[in-house]
Amino acid sequence: MNARAQRWLAPRRAQALARFVLWSLMAVAIGILILILAFVLGRGLRHVTWTFLTAMPLDSGRAGGVLPIVVGTLEVTALGVAAATPLGVGTAIYLVEYTREGRLTRIIRFGAECLAGVPSIIFGLFGFVLFVLTLGLGWSILAAGLTLAFMTLPTLIRTSEEALRAVPARYLDVSLSLGATKWQSIRKVLLPAAFPGILTGLILGIGRAIGETAAVIFTAGSSLPHRIPRSLSEGTRTLSVHFYQLAREGISADNAYATAAVLVLAISLINLGAYVTLNRFMRRYR
Amino acid sequence: MRLPDKVVERALLLLALSSVAVLASIAFFIVREGAPLIYRVGLSNFFSTDWHPTAGRFGILFMLVGSLAVTVGALALGVPLGISCAIVLGEMAPPRARRILKPAIEILAGIPSVVYGFMGIVVVLPWIREHLGGPGASGLAAAVILGIMILPTIIAISLDALEAVPMSYRDGSLAMGATEWQTVRRVVLPAARSGIVAAVILGTGRAVGETMAVVMVAGNAVQLPHSPLDPLRTLTANLALEMGYATGDHRAALFATGIVLFLIVLSLNGAAGLARRRRRPRPRPRRTASVAGVPASERIPPSPVSDP
Amino acid sequence: MAVAVALQLVAVGCGRAARRGLTLAGSTSLQPFAEKWADAYQARHPGLPIYVQGGGSTAGVEAALSGAAEIGMASRLLVPVESARLMAIPVARDGIAVVVNPTNPVRDLRLDQVRAIYAGQIRNWRFVGGRNASIAVITREEGSGTRSAFEAMVTDPLRIAASALVQDSTGAVRQMVASDPAAIGYVSFGLVDASVKALSLRGVEPNELNIDAGTYPLVRPFLFVVTPARLKGVPRDFIDWIVGPEGRELTRREGLLPPRA
């Protein structure tokens with residue numbers, strides 16, 4: 001009995017079995033991805049027409065297109081990433097160049113890690129209280145953008161830090177030895193060298209911001225825009241929120257799938273772009 | 001522009017403290033909005049089972065249970081699947097397969113939670129209703145969707161941990177005649193344990209905090225679920241469902257729910273941090289951490305700055 | 001960059017009071033109709049943006065009080081504390097329809113049966129003349145105007161059972177009922193479509209005639225709430241247009257009833 005069990009679990013067999021099981025599970029994960037993509041793109045892409053992308057929504061989104069929603073999404077996202085970039089890159093520069101590992105860096109890192117773990121609904125509550133109510137911005141592109149800035153901050157800090165660390169130390173040493181000040185060296189040598197890596201963080205942040213719903217719905221509102229937003233104090237609906245409303249309220253299956261297709265396609269391309277940029281960048285210094 | 005280094009340093013320090021400041025102000029605002037209510041109605045009301053906020057009953061216990069239940073379910077699905085994928089990616093897949101599989105996981109990570117929720121509505125709910133019974137919207141549906149949603153987190157962080165295990169460990173094991181699987185199981189996984197634990201903890205945090213997808217598939221009934229097919233409500237769903245609608249004490253109660261959620265997530269992050277700290281510093285730092293602190297002799301000799 | 005954003009913050013903070021346009025916030029039952037009204041009104045007044053936010057009746061009342069919105073939308077009556085500070089203007093009347101899946105053979109229920117179903121006392125369709133299937137009860141979330149109207153008119157003094165599924169908008173309830181053969185829900189009459197079947201209550205169908213005549217039991221007012229100080233200018237004109245002939249016509253076309261003249 002024991003011998004048979006042992007033979008059955010002989011290393012070779014265990015090896016084959018493990019390979020089979022693990023690869024099958026990998027296949028399951030990839031299968032899920034393919035299922036989602038096929039489902040969303042398969043049903044949505046054929047409704048994504050030029051008119052859909054360039055027309056105003058009509059009748060609660062039952063008809064018409066998504067132009068102001070796309071514009072609103074881009075504005076919220078751009079504002080979020082633009083506001084987060086100086087904070088994130090500045091943090092990373094400080095961590096990499098201006099301090100030694102110690103209590104302070106531990107606190108800063110812990111702050112960033114915790115921020116990364118804060119659920120988006122909490123960001124939504126926070127943005128709602130601080131920006132919409134306390135600062136009186138109302139449901140607006142500005143309120144949503146700033147909320148998203150805080151959400152994407154940890155991603156930016158992490159990728160920027162990795163990017164800065166990836167640049168060989170000699171780059172900065174050479175610049176310093178030529179008489180440049182530290183800040184000059186950072187600005188003229190380190191940042192340009194690390195730029196592609198930092199860009200990855202920006203791209204990832206954009207991807208995360210576009211896909212966000214819970215934080216945006218409380219800060220930009222869910223009002224369906226009837227024109228292209230003209231100022232940052234206007235409310236908007238982002239693509240994710242629009243999709244959420246269409247899908248959940250059963251307003252229009254076709255337009256829901258089309259919106260989802262635009263959303264998924266955009267984010268997938270963005271994430272692929274980030275992945276490729278990062279790989280190129282890391283390979284350069286390897 | 002010549003800025004004195006001291007000024008730059010101070011300015012950068014301020015920026016660097018921003019994430020801590022944001023974290024603190026999030027805590028400040030939700031505590032300011034929610035804590036007075038907990039104090040006023042007492043913990044026995046707040047942690048009771050009766051949620052009827054318009055009648056002054058603010059018990060969130062069943063939602064805590066709900067969050068716990070779907071999280072456990074999600075982990076049961078997501079952890080084995082995620083770690084298996086990480087092992088395949090890190091230890092088994094040939095480079096060419098890796099080049100396709102890794103970006104695929106990145107794409108999975110980017111799919112918005114509303115799309116997952118929607119897939120739940122159109123695929124998972126009807127399947128459960130037809131094959132297992134009940135209304136479909138249930139803890140099980142939420143657990144399945146969440147299990148998939150936490151996959152990328154678990155895969156990415158476990159993979160980091162596996163990649164941090166020095167090659168020499170594997171070489172040593174293989175050289176002694178161990179099979180690949182023996183090496184993974186006896187050498188690599190134990191060496192990467194703390195990172196994998198961190199991956200699981202962070203996956204837990206993601207599952208606890210996910211909102212939109214859960215609202216769409218969990219059914220949101222405030223009750224003690226007796227079976228996986230019963231609808232339930234999580235802490236996050238409570239916020240998303242009732243937040244916009246609430247006022248006065250009801251709204252305060254939702255912020256109080258937010259406090260509980262925030263505390264749970266913070267402690268999970270703290271735990272993950274502890275788990276990961278054990279394996280720091282990284283085995284092979286690419287670059288010395290601080291220019292100022294390291295003697296020149298330890299640095300790589302300078303070479304001309306030629307950036308292609 | 002950070003400074004620029006901060007400056008803009010201040011600028012927007014100050015400029016908000018002077019912002020042109022009109023914001024409505026509140027009941028999600030009213031939201032789709034308000035969007036229609038806003039569309040038609042905007043067609044007449046180009047360049048005047050109207051924002052229609054959801055959020056629920058209570059949030060609408062609060063928004064009107066705090067000034068976050070000029071007009072709050074409520075699908076329930078105001079409580080005394082609220083009515084002391086706000087004017088409530090009926091802009092429409094709405095029936096609440098009890099809906100089931102179109103495949104459900106049940107066509108008619110008594111109000112006490114609906115109450116027993118929602119209180120969790122009747123749990124199977126066969127007790128009310130349907131198939132042998134346990135009932136999936138769907139309700140709105142706590143704080144919703146539709147829910148509080150439904151509770152006041154149907155379930156009081158009983159409580160809606162804890163096992164009821166909760167959805168946070170009329171559309172979501174309708175969607176769930178449309179996809180589950182054993183579900184029951186309640187939605188605004190104006191939003192009933194072919195995907196669900198509205199039950200008659202003791203033989204009285206929920207239709208315009210019966211709602212107008214007062215024979216259908218579940219009718220509630222749709223209110224716009226405004227602080228007296230803001231009831232002038234654009235908000236006033238918008239409300240007057242809605243309760244005026246053009247607005248009433250549109251209201252009827254969209255499946256609601258205009259307020260009693």
# chains A, B, ... in the order shown; residues from 1 in each chain; ligands from 1
call {"tool": "interface_residues", "arguments": {"of": "chain B", "to": "chain A", "cutoff": "6 Å", "atoms": "only C-alpha atoms", "output": "compact mmCIF listing (two decimals) with N, CA, C and O atoms, in the first residue's frame"}}
result
# COMPACT_ATOMS: atom_id res chain seq x y z
N LEU B 12 11.05 68.80 -1.68
CA LEU B 12 10.80 67.40 -2.01
C LEU B 12 10.27 66.63 -0.81
O LEU B 12 9.42 65.76 -0.94
N LEU B 15 6.63 67.16 -0.65
CA LEU B 15 5.94 66.31 -1.62
C LEU B 15 5.91 64.87 -1.13
O LEU B 15 4.90 64.18 -1.25
N ALA B 16 7.04 64.44 -0.58
CA ALA B 16 7.14 63.04 -0.15
C ALA B 16 6.16 62.74 0.99
O ALA B 16 5.70 61.61 1.13
N SER B 19 1.64 61.61 0.53
CA SER B 19 0.78 60.43 0.65
C SER B 19 0.40 60.17 2.10
O SER B 19 -0.73 59.75 2.38
N VAL B 20 1.33 60.44 3.00
CA VAL B 20 0.99 60.30 4.42
C VAL B 20 -0.10 61.31 4.77
O VAL B 20 -1.06 61.01 5.48
N ILE B 26 -7.79 61.49 4.87
CA ILE B 26 -8.90 60.56 4.66
C ILE B 26 -9.41 60.08 6.02
O ILE B 26 -10.60 60.11 6.30
N LEU B 81 -5.44 29.52 -7.55
CA LEU B 81 -5.32 29.87 -8.96
C LEU B 81 -4.18 30.86 -9.17
O LEU B 81 -3.34 30.69 -10.06
N SER B 84 -0.69 29.36 -8.47
CA SER B 84 -0.33 28.44 -9.55
C SER B 84 0.15 29.22 -10.77
O SER B 84 1.16 28.86 -11.39
N CYS B 85 -0.59 30.28 -11.12
CA CYS B 85 -0.20 31.07 -12.28
C CYS B 85 1.19 31.68 -12.05
O CYS B 85 2.02 31.70 -12.97
N ILE B 107 -3.46 42.70 -18.66
CA ILE B 107 -4.76 43.11 -19.21
C ILE B 107 -5.87 42.74 -18.24
O ILE B 107 -6.79 43.52 -17.98
N PRO B 112 -11.94 47.03 -15.83
CA PRO B 112 -12.60 47.78 -14.76
C PRO B 112 -13.58 46.91 -13.98
O PRO B 112 -14.15 45.96 -14.52
N TRP B 181 9.67 20.27 -9.94
CA TRP B 181 8.57 20.44 -8.99
C TRP B 181 9.08 20.33 -7.55
O TRP B 181 8.67 21.09 -6.68
N GLY B 209 -12.21 45.42 -0.15
CA GLY B 209 -12.50 46.78 -0.56
C GLY B 209 -13.26 46.94 -1.87
O GLY B 209 -13.72 48.02 -2.18
N ASN B 269 -2.98 45.98 5.31
CA ASN B 269 -1.78 46.54 4.69
C ASN B 269 -0.59 46.49 5.63
O ASN B 269 0.54 46.20 5.22
N SER B 290 21.67 55.69 -1.75
CA SER B 290 21.87 57.12 -1.58
C SER B 290 23.25 57.50 -2.06
O SER B 290 24.24 56.87 -1.73
N PRO B 302 32.74 55.36 -12.74
CA PRO B 302 31.99 56.17 -13.69
C PRO B 302 32.38 55.86 -15.13
O PRO B 302 33.51 55.48 -15.42
N VAL B 305 28.55 59.47 -19.85
CA VAL B 305 27.10 59.44 -19.96
C VAL B 305 26.72 59.41 -21.43
O VAL B 305 26.75 60.41 -22.11
call {"tool": "select_by_dssp", "arguments": {"residues": "region 104-164 of chain C", "states": "strand (DSSP E or B)", "output": "PyMOL selection string"}}
result
chain C and resi 108-109+124+134+136-140
call {"tool": "residues_around", "arguments": {"residues": "region 110-125 of chain C", "least_positions_apart": "6", "cutoff": "10 Å", "atoms": "only C-alpha atoms", "output": "PyMOL selection string"}}
result
chain C and resi 98+104+131-139+150-151+153-164+182-185+199-204+217-218
call {"tool": "select_by_dssp", "arguments": {"residues": "region 18-260 of chain B", "states": "alpha helix (DSSP H)", "output": "PyMOL selection string"}}
result
chain B and resi 18-41+43-46+61-87+95-110+113-119+125-131+139-149+151-164+167-175+180-183+189-191+193-209+212-217+235-242+248-260
call {"tool": "interface_residues", "arguments": {"of": "chain C", "to": "chain A", "cutoff": "6 Å", "atoms": "only C-alpha atoms", "output": "PDB file with all heavy atoms, in the first residue's frame"}}
result
ATOM      1  N   GLY C  13     -13.579  77.647  -6.439  1.00  0.00           N
ATOM      2  CA  GLY C  13     -14.322  77.764  -5.195  1.00  0.00           C
ATOM      3  C   GLY C  13     -15.071  79.083  -5.136  1.00  0.00           C
ATOM      4  O   GLY C  13     -16.227  79.146  -4.740  1.00  0.00           O
ATOM      5  N   TYR C  51     -27.960  70.251 -15.172  1.00  0.00           N
ATOM      6  CA  TYR C  51     -27.392  68.990 -14.714  1.00  0.00           C
ATOM      7  C   TYR C  51     -28.421  68.264 -13.886  1.00  0.00           C
ATOM      8  O   TYR C  51     -29.020  68.844 -12.983  1.00  0.00           O
ATOM      9  CB  TYR C  51     -26.140  69.223 -13.869  1.00  0.00           C
ATOM     10  CG  TYR C  51     -25.143  70.117 -14.558  1.00  0.00           C
ATOM     11  CD1 TYR C  51     -25.006  71.446 -14.188  1.00  0.00           C
ATOM     12  CD2 TYR C  51     -24.362  69.623 -15.593  1.00  0.00           C
ATOM     13  CE1 TYR C  51     -24.106  72.266 -14.820  1.00  0.00           C
ATOM     14  CE2 TYR C  51     -23.467  70.431 -16.234  1.00  0.00           C
ATOM     15  CZ  TYR C  51     -23.338  71.765 -15.848  1.00  0.00           C
ATOM     16  OH  TYR C  51     -22.449  72.561 -16.492  1.00  0.00           O
ATOM     17  N   VAL C  52     -28.596  66.982 -14.196  1.00  0.00           N
ATOM     18  CA  VAL C  52     -29.551  66.195 -13.429  1.00  0.00           C
ATOM     19  C   VAL C  52     -28.800  65.075 -12.723  1.00  0.00           C
ATOM     20  O   VAL C  52     -28.360  64.124 -13.350  1.00  0.00           O
ATOM     21  CB  VAL C  52     -30.651  65.621 -14.341  1.00  0.00           C
ATOM     22  CG1 VAL C  52     -31.689  64.901 -13.507  1.00  0.00           C
ATOM     23  CG2 VAL C  52     -31.297  66.728 -15.152  1.00  0.00           C
ATOM     24  N   GLN C  53     -28.613  65.231 -11.436  1.00  0.00           N
ATOM     25  CA  GLN C  53     -27.885  64.223 -10.660  1.00  0.00           C
ATOM     26  C   GLN C  53     -28.880  63.307  -9.960  1.00  0.00           C
ATOM     27  O   GLN C  53     -29.965  63.744  -9.576  1.00  0.00           O
ATOM     28  CB  GLN C  53     -27.020  64.888  -9.579  1.00  0.00           C
ATOM     29  CG  GLN C  53     -26.088  65.948 -10.090  1.00  0.00           C
ATOM     30  CD  GLN C  53     -24.869  65.356 -10.785  1.00  0.00           C
ATOM     31  OE1 GLN C  53     -24.716  64.143 -10.860  1.00  0.00           O
ATOM     32  NE2 GLN C  53     -24.019  66.215 -11.305  1.00  0.00           N
ATOM     33  N   GLY C 171     -34.168  51.171 -12.284  1.00  0.00           N
ATOM     34  CA  GLY C 171     -33.715  50.389 -13.429  1.00  0.00           C
ATOM     35  C   GLY C 171     -33.113  49.061 -13.007  1.00  0.00           C
ATOM     36  O   GLY C 171     -33.324  48.028 -13.654  1.00  0.00           O
ATOM     37  N   ALA C 172     -32.372  49.086 -11.911  1.00  0.00           N
ATOM     38  CA  ALA C 172     -31.736  47.855 -11.448  1.00  0.00           C
ATOM     39  C   ALA C 172     -32.776  46.848 -10.970  1.00  0.00           C
ATOM     40  O   ALA C 172     -32.639  45.647 -11.195  1.00  0.00           O
ATOM     41  CB  ALA C 172     -30.737  48.162 -10.337  1.00  0.00           C
ATOM     42  N   GLN C 175     -34.387  45.440 -14.103  1.00  0.00           N
ATOM     43  CA  GLN C 175     -33.453  44.529 -14.757  1.00  0.00           C
ATOM     44  C   GLN C 175     -33.454  43.164 -14.076  1.00  0.00           C
ATOM     45  O   GLN C 175     -33.453  42.119 -14.707  1.00  0.00           O
ATOM     46  CB  GLN C 175     -32.061  45.149 -14.682  1.00  0.00           C
ATOM     47  CG  GLN C 175     -30.946  44.211 -15.006  1.00  0.00           C
ATOM     48  CD  GLN C 175     -30.243  44.662 -16.262  1.00  0.00           C
ATOM     49  OE1 GLN C 175     -30.889  45.157 -17.180  1.00  0.00           O
ATOM     50  NE2 GLN C 175     -28.948  44.506 -16.316  1.00  0.00           N
TER      51      GLN C 175
END
call {"tool": "interface_residues", "arguments": {"of": "chain B", "to": "chain C", "cutoff": "7 Å", "atoms": "only C-alpha atoms", "output": "JSON, numbers by chain"}}
result
{"B": [135, 219, 220, 221, 222, 223, 231, 241, 242, 244, 245, 246, 247]}
call {"tool": "write_last_selection", "arguments": {"atoms": "all heavy atoms", "output": "mmCIF file, in the first residue's frame"}}
result
data_model
loop_
_atom_site.group_PDB
_atom_site.id
_atom_site.type_symbol
_atom_site.label_atom_id
_atom_site.label_comp_id
_atom_site.auth_asym_id
_atom_site.auth_seq_id
_atom_site.Cartn_x
_atom_site.Cartn_y
_atom_site.Cartn_z
ATOM 1 N N PRO B 135 -31.928 32.929 -6.019
ATOM 2 C CA PRO B 135 -32.104 34.084 -6.903
ATOM 3 C C PRO B 135 -30.888 34.375 -7.786
ATOM 4 O O PRO B 135 -30.961 35.269 -8.627
ATOM 5 C CB PRO B 135 -32.349 35.236 -5.924
ATOM 6 C CG PRO B 135 -31.699 34.811 -4.657
ATOM 7 C CD PRO B 135 -31.737 33.310 -4.612
ATOM 8 N N GLY B 219 -26.638 40.767 -4.311
ATOM 9 C CA GLY B 219 -28.024 40.743 -3.853
ATOM 10 C C GLY B 219 -28.310 41.720 -2.730
ATOM 11 O O GLY B 219 -29.431 42.176 -2.570
ATOM 12 N N ASN B 220 -27.298 42.002 -1.907
ATOM 13 C CA ASN B 220 -27.340 43.105 -0.944
ATOM 14 C C ASN B 220 -28.377 43.005 0.166
ATOM 15 O O ASN B 220 -28.755 44.011 0.748
ATOM 16 C CB ASN B 220 -27.538 44.444 -1.677
ATOM 17 C CG ASN B 220 -26.528 44.634 -2.785
ATOM 18 O OD1 ASN B 220 -25.364 44.299 -2.622
ATOM 19 N ND2 ASN B 220 -26.979 45.133 -3.912
ATOM 20 N N ALA B 221 -28.903 41.804 0.421
ATOM 21 C CA ALA B 221 -29.831 41.666 1.534
ATOM 22 C C ALA B 221 -29.046 41.684 2.844
ATOM 23 O O ALA B 221 -28.020 41.033 2.955
ATOM 24 C CB ALA B 221 -30.605 40.365 1.414
ATOM 25 N N VAL B 222 -29.558 42.454 3.822
ATOM 26 C CA VAL B 222 -28.865 42.496 5.109
ATOM 27 C C VAL B 222 -29.339 41.327 5.944
ATOM 28 O O VAL B 222 -30.340 41.406 6.652
ATOM 29 C CB VAL B 222 -29.161 43.815 5.853
ATOM 30 C CG1 VAL B 222 -28.317 43.897 7.118
ATOM 31 C CG2 VAL B 222 -28.873 44.996 4.960
ATOM 32 N N GLN B 223 -28.679 40.226 5.840
ATOM 33 C CA GLN B 223 -29.070 39.048 6.613
ATOM 34 C C GLN B 223 -27.860 38.157 6.807
ATOM 35 O O GLN B 223 -26.831 38.330 6.151
ATOM 36 C CB GLN B 223 -30.158 38.277 5.872
ATOM 37 C CG GLN B 223 -29.676 37.782 4.514
ATOM 38 C CD GLN B 223 -30.647 36.831 3.845
ATOM 39 O OE1 GLN B 223 -31.582 36.368 4.460
ATOM 40 N NE2 GLN B 223 -30.414 36.533 2.583
ATOM 41 N N PRO B 231 -28.363 35.719 -0.752
ATOM 42 C CA PRO B 231 -27.827 37.057 -0.977
ATOM 43 C C PRO B 231 -27.278 37.636 0.312
ATOM 44 O O PRO B 231 -27.750 37.291 1.407
ATOM 45 C CB PRO B 231 -29.037 37.848 -1.467
ATOM 46 C CG PRO B 231 -30.223 37.095 -1.013
ATOM 47 C CD PRO B 231 -29.812 35.654 -0.942
ATOM 48 N N LEU B 241 -24.587 51.503 -1.934
ATOM 49 C CA LEU B 241 -26.034 51.461 -2.098
ATOM 50 C C LEU B 241 -26.707 52.676 -1.485
ATOM 51 O O LEU B 241 -27.603 53.263 -2.068
ATOM 52 C CB LEU B 241 -26.603 50.237 -1.388
ATOM 53 C CG LEU B 241 -26.599 48.906 -2.086
ATOM 54 C CD1 LEU B 241 -27.110 47.865 -1.110
ATOM 55 C CD2 LEU B 241 -27.481 48.948 -3.306
ATOM 56 N N GLU B 242 -26.290 53.020 -0.280
ATOM 57 C CA GLU B 242 -27.100 53.954 0.493
ATOM 58 C C GLU B 242 -26.479 55.329 0.635
ATOM 59 O O GLU B 242 -27.128 56.258 1.104
ATOM 60 C CB GLU B 242 -27.385 53.358 1.884
ATOM 61 C CG GLU B 242 -28.155 52.061 1.776
ATOM 62 C CD GLU B 242 -28.695 51.569 3.105
ATOM 63 O OE1 GLU B 242 -28.481 52.247 4.118
ATOM 64 O OE2 GLU B 242 -29.327 50.505 3.114
ATOM 65 N N GLY B 244 -25.513 57.905 -1.363
ATOM 66 C CA GLY B 244 -26.092 59.076 -1.997
ATOM 67 C C GLY B 244 -27.425 59.461 -1.394
ATOM 68 O O GLY B 244 -27.842 60.600 -1.450
ATOM 69 N N TYR B 245 -28.073 58.518 -0.778
ATOM 70 C CA TYR B 245 -29.457 58.693 -0.379
ATOM 71 C C TYR B 245 -29.604 59.122 1.062
ATOM 72 O O TYR B 245 -30.677 59.444 1.519
ATOM 73 C CB TYR B 245 -30.187 57.362 -0.514
ATOM 74 C CG TYR B 245 -30.155 56.838 -1.896
ATOM 75 C CD1 TYR B 245 -28.964 56.417 -2.455
ATOM 76 C CD2 TYR B 245 -31.307 56.794 -2.644
ATOM 77 C CE1 TYR B 245 -28.931 55.951 -3.748
ATOM 78 C CE2 TYR B 245 -31.275 56.330 -3.927
ATOM 79 C CZ TYR B 245 -30.092 55.909 -4.473
ATOM 80 O OH TYR B 245 -30.052 55.449 -5.745
ATOM 81 N N ALA B 246 -28.511 59.054 1.780
ATOM 82 C CA ALA B 246 -28.638 59.138 3.227
ATOM 83 C C ALA B 246 -28.433 60.556 3.722
ATOM 84 O O ALA B 246 -27.803 61.371 3.080
ATOM 85 C CB ALA B 246 -27.612 58.224 3.873
ATOM 86 N N THR B 247 -28.966 60.813 4.877
ATOM 87 C CA THR B 247 -28.765 62.114 5.488
ATOM 88 C C THR B 247 -28.703 61.925 6.990
ATOM 89 O O THR B 247 -29.091 60.893 7.516
ATOM 90 C CB THR B 247 -29.904 63.074 5.102
ATOM 91 O OG1 THR B 247 -29.673 64.313 5.757
ATOM 92 C CG2 THR B 247 -31.235 62.541 5.539
#
call {"tool": "atom_distance", "arguments": {"atom1": "CA of Ala38 (chain A)", "atom2": "CA of Gly72 (chain A)"}}
result
27.2 Å
call {"tool": "residues_around", "arguments": {"residues": "Gly64 (chain A)", "least_positions_apart": "3", "cutoff": "9 Å", "atoms": "only C-alpha atoms", "output": "PDB file with C-alpha atoms, in the first residue's frame"}}
result
ATOM      1  CA  THR A  51     -21.089  58.180 -35.040  1.00  0.00           C
ATOM      2  CA  PHE A  52     -21.157  56.468 -31.656  1.00  0.00           C
ATOM      3  CA  THR A  54     -18.716  61.526 -32.056  1.00  0.00           C
ATOM      4  CA  ALA A  55     -22.399  61.989 -31.250  1.00  0.00           C
ATOM      5  CA  MET A  56     -24.145  63.345 -28.198  1.00  0.00           C
ATOM      6  CA  PRO A  57     -26.031  60.856 -26.041  1.00  0.00           C
ATOM      7  CA  LEU A  58     -29.795  60.935 -26.460  1.00  0.00           C
ATOM      8  CA  ASP A  59     -32.654  59.618 -24.405  1.00  0.00           C
ATOM      9  CA  GLY A  61     -28.059  56.953 -23.360  1.00  0.00           C
ATOM     10  CA  ASN A 255     -24.914  50.839 -26.120  1.00  0.00           C
TER      11      ASN A 255
END
call {"tool": "closest_residue", "arguments": {"among": "C:Ser83, C:Ser188, C:Gln42, C:Ser75", "to": "Ala97 (chain C)", "atoms": "only C-alpha atoms"}}
result
C:Ser188
call {"tool": "residues_around", "arguments": {"residues": "Val200 (chain B)", "least_positions_apart": "3", "cutoff": "8 Å", "atoms": "only C-alpha atoms", "output": "ChimeraX atom specification"}}
result
/B:75,79,154,196-197,203-204
call {"tool": "write_last_selection", "arguments": {"atoms": "N, CA and C atoms", "output": "compact mmCIF listing (two decimals), in the first residue's frame"}}
result
# COMPACT_ATOMS: atom_id res chain seq x y z
N LEU B 75 -10.86 34.15 -1.70
CA LEU B 75 -9.50 33.63 -1.48
C LEU B 75 -9.43 32.15 -1.85
N VAL B 79 -6.60 32.32 -4.47
CA VAL B 79 -5.24 32.02 -4.00
C VAL B 79 -4.61 30.83 -4.72
N ILE B 154 -2.60 38.90 -6.73
CA ILE B 154 -1.90 37.75 -6.14
C ILE B 154 -0.77 37.28 -7.07
N ILE B 196 4.76 35.62 -0.64
CA ILE B 196 3.49 35.03 -1.05
C ILE B 196 2.42 35.32 -0.01
N VAL B 197 2.82 35.27 1.26
CA VAL B 197 1.88 35.65 2.32
C VAL B 197 1.41 37.09 2.10
N GLY B 203 -4.25 40.61 -1.56
CA GLY B 203 -5.42 40.13 -2.29
C GLY B 203 -6.66 40.21 -1.41
N THR B 204 -6.50 39.85 -0.13
CA THR B 204 -7.60 39.96 0.82
C THR B 204 -8.08 41.40 0.89
call {"tool": "closest_residue", "arguments": {"among": "B:Ile259, B:Val188, B:Ala218, B:Ala55", "to": "Tyr169 (chain B)", "atoms": "only C-alpha atoms"}}
result
B:Val188
call {"tool": "residues_around", "arguments": {"residues": "Leu256 (chain C)", "least_positions_apart": "3", "cutoff": "12 Å", "atoms": "only C-alpha atoms", "output": "JSON, numbers by chain"}}
result
{"C": [29, 30, 32, 33, 34, 36, 91, 92, 93, 94, 95, 96, 188, 189, 190, 191, 192, 206, 207, 208, 209, 211, 212, 219, 220, 221, 222, 247, 248, 249, 250, 251, 252, 253, 259]}
